[in-house]
file input-v4.txt (compact mmCIF, C-alpha atoms)
# COMPACT_ATOMS: atom_id res chain seq x y z
CA MET J 16 -76.97 -88.92 65.34
CA ALA J 17 -74.92 -87.85 68.39
CA LEU J 18 -74.18 -84.24 69.08
CA SER J 19 -70.52 -83.40 69.30
CA HIS J 20 -69.24 -81.87 72.51
CA THR J 21 -68.19 -78.26 72.08
CA PRO J 22 -65.32 -77.65 74.50
CA HIS J 23 -65.35 -74.58 76.70
CA ARG J 24 -62.67 -71.98 76.04
CA SER J 25 -60.63 -73.15 79.06
CA ASP J 26 -60.77 -76.74 77.77
CA ARG J 27 -59.09 -75.68 74.53
CA GLN J 28 -56.57 -73.20 75.93
CA LEU J 29 -53.07 -74.60 76.10
CA VAL J 30 -51.16 -71.57 77.43
CA PHE J 31 -52.20 -69.38 80.35
CA THR J 32 -50.88 -66.02 81.52
CA SER J 33 -50.29 -65.54 85.26
CA SER J 34 -53.71 -63.93 85.67
CA GLN J 35 -55.43 -66.73 83.78
CA ALA J 36 -53.53 -69.38 85.75
CA ALA J 37 -54.50 -67.72 89.03
CA ARG J 38 -58.16 -67.66 87.96
CA TYR J 39 -57.94 -71.31 86.81
CA LEU J 40 -56.56 -72.34 90.22
CA GLY J 41 -58.93 -70.09 92.14
CA VAL J 42 -56.20 -68.03 93.82
CA SER J 43 -54.92 -64.47 93.63
CA LEU J 44 -52.28 -63.25 91.22
CA ALA J 45 -49.92 -62.68 94.17
CA THR J 46 -50.37 -66.31 95.24
CA ILE J 47 -49.58 -67.73 91.79
CA ARG J 48 -46.45 -65.56 91.72
CA ARG J 49 -45.38 -66.77 95.18
CA TRP J 50 -46.02 -70.39 94.25
CA THR J 51 -44.00 -70.15 91.04
CA ASP J 52 -41.15 -68.29 92.75
CA ALA J 53 -41.07 -71.02 95.42
CA GLY J 54 -41.15 -73.76 92.76
CA HIS J 55 -44.54 -75.17 93.75
CA VAL J 56 -46.11 -74.46 90.34
CA SER J 57 -44.13 -75.00 87.15
CA CYS J 58 -44.07 -72.33 84.50
CA TYR J 59 -41.86 -71.11 81.73
CA ARG J 60 -40.77 -67.60 80.91
CA THR J 61 -41.21 -65.70 77.67
CA PRO J 62 -38.19 -63.86 76.25
CA GLY J 63 -39.64 -60.78 77.97
CA GLY J 64 -39.66 -62.58 81.35
CA GLN J 65 -43.41 -63.12 81.66
CA ARG J 66 -44.64 -66.34 83.21
CA ARG J 67 -46.61 -68.76 81.05
CA PHE J 68 -48.33 -71.93 82.22
CA SER J 69 -49.56 -74.92 80.28
CA ARG J 70 -52.86 -76.43 81.25
CA ASP J 71 -50.99 -79.69 81.91
CA GLN J 72 -48.69 -77.91 84.40
CA LEU J 73 -51.66 -76.46 86.25
CA ASP J 74 -53.56 -79.74 86.26
CA GLU J 75 -50.46 -81.54 87.57
CA PHE J 76 -50.19 -78.99 90.37
CA ILE J 77 -53.85 -79.57 91.30
CA ALA J 78 -53.30 -83.33 91.25
CA SER J 79 -50.20 -83.03 93.45
CA MET J 80 -52.16 -80.95 95.94
CA HIS J 81 -54.82 -83.64 96.15
CA ARG J 82 -52.18 -86.37 96.52
CA ASP J 83 -50.47 -84.43 99.30
CA GLY J 84 -53.77 -83.70 101.06
CA HIS J 85 -53.63 -79.91 100.62
CA ALA J 86 -56.56 -77.80 99.49
CA ALA J 87 -55.64 -76.54 96.02
CA ARG J 88 -58.28 -73.81 95.92
CA THR J 89 -57.34 -71.66 98.89
CA ASP J 90 -55.68 -68.28 98.98
CA GLU J 91 -54.68 -68.35 102.63
CA PRO J 92 -51.18 -67.04 103.48
CA HIS J 93 -50.08 -70.40 104.92
CA THR J 94 -50.38 -72.04 101.48
CA ALA J 95 -47.23 -70.27 100.30
CA SER J 96 -45.18 -72.61 102.49
CA ILE J 97 -46.44 -75.81 100.84
CA ALA J 98 -43.55 -78.24 100.52
call {"tool": "encode", "arguments": {"input": "input-v4.txt", "output": "structure tokens"}}
result
Amino acid sequence: MALSHTPHRSDRQLVFTSSQAARYLGVSLATIRRWTDAGHVSCYRTPGGQRRFSRDQLDEFIASMHRDGHAARTDEPHTASIA
């Protein structure tokens, strides 16, 4: 009898707040805000104007960073100018 895999909380979570998204990407809250304002990371806004991220959006951003040859897990100021 095989044991079933119990997913970690982050594996099950479908919607992230800005703070959770920043932690998931390994960057600061200010960086995730800059990246969303610049259009580098997709998000949607709640009726109250708060940013929300799907796990798919964040994973796509990570994949695009790898495709483009950028380090996705850095919080250096130059990363805000990623095109």
call {"tool": "atom_distance", "arguments": {"input": "input-v4.txt", "atom1": "CA of Ser79 in chain J", "atom2": "CA of Pro62 in chain J"}}
result
28.4 Å
call {"tool": "residues_around", "arguments": {"input": "input-v4.txt", "residues": "Thr61 in chain J", "least_positions_apart": "5", "cutoff": "12 Å", "atoms": "all atoms listed in the file", "output": "list in words"}}
result
Val30, Phe31, Thr32, Ser33, Arg66, Arg67 and Phe68 of chain J
call {"tool": "closest_residue", "arguments": {"input": "input-v4.txt", "among": "J:Asp83, J:Tyr59, J:Arg70, J:Ala78", "to": "Ala37 in chain J", "atoms": "all atoms listed in the file"}}
result
J:Arg70
call {"tool": "residues_around", "arguments": {"input": "input-v4.txt", "residues": "Tyr39 in chain J", "least_positions_apart": "4", "cutoff": "9 Å", "atoms": "only C-alpha atoms", "output": "short mmCIF file (atom, residue, chain, number, x, y, z; two decimals) with C-alpha atoms, keeping the file's coordinate frame"}}
result
data_model
loop_
_atom_site.label_atom_id
_atom_site.label_comp_id
_atom_site.auth_asym_id
_atom_site.auth_seq_id
_atom_site.Cartn_x
_atom_site.Cartn_y
_atom_site.Cartn_z
CA SER J 25 -60.63 -73.15 79.06
CA PHE J 31 -52.20 -69.38 80.35
CA SER J 34 -53.71 -63.93 85.67
CA GLN J 35 -55.43 -66.73 83.78
CA LEU J 73 -51.66 -76.46 86.25
#
call {"tool": "atom_distance", "arguments": {"input": "input-v4.txt", "atom1": "CA of His81 in chain J", "atom2": "CA of Arg60 in chain J"}}
result
26.2 Å
call {"tool": "atom_distance", "arguments": {"input": "input-v4.txt", "atom1": "CA of Val56 in chain J", "atom2": "CA of Phe76 in chain J"}}
result
6.1 Å
call {"tool": "closest_residue", "arguments": {"input": "input-v4.txt", "among": "J:Ala36, J:Gly41, J:Arg82, J:Leu29", "to": "Ser57 in chain J", "atoms": "all atoms listed in the file"}}
result
J:Ala36
call {"tool": "closest_residue", "arguments": {"input": "input-v4.txt", "among": "J:Gly84, J:Gln65, J:Glu75, J:Asp52", "to": "Leu40 in chain J", "atoms": "all atoms listed in the file"}}
result
J:Glu75
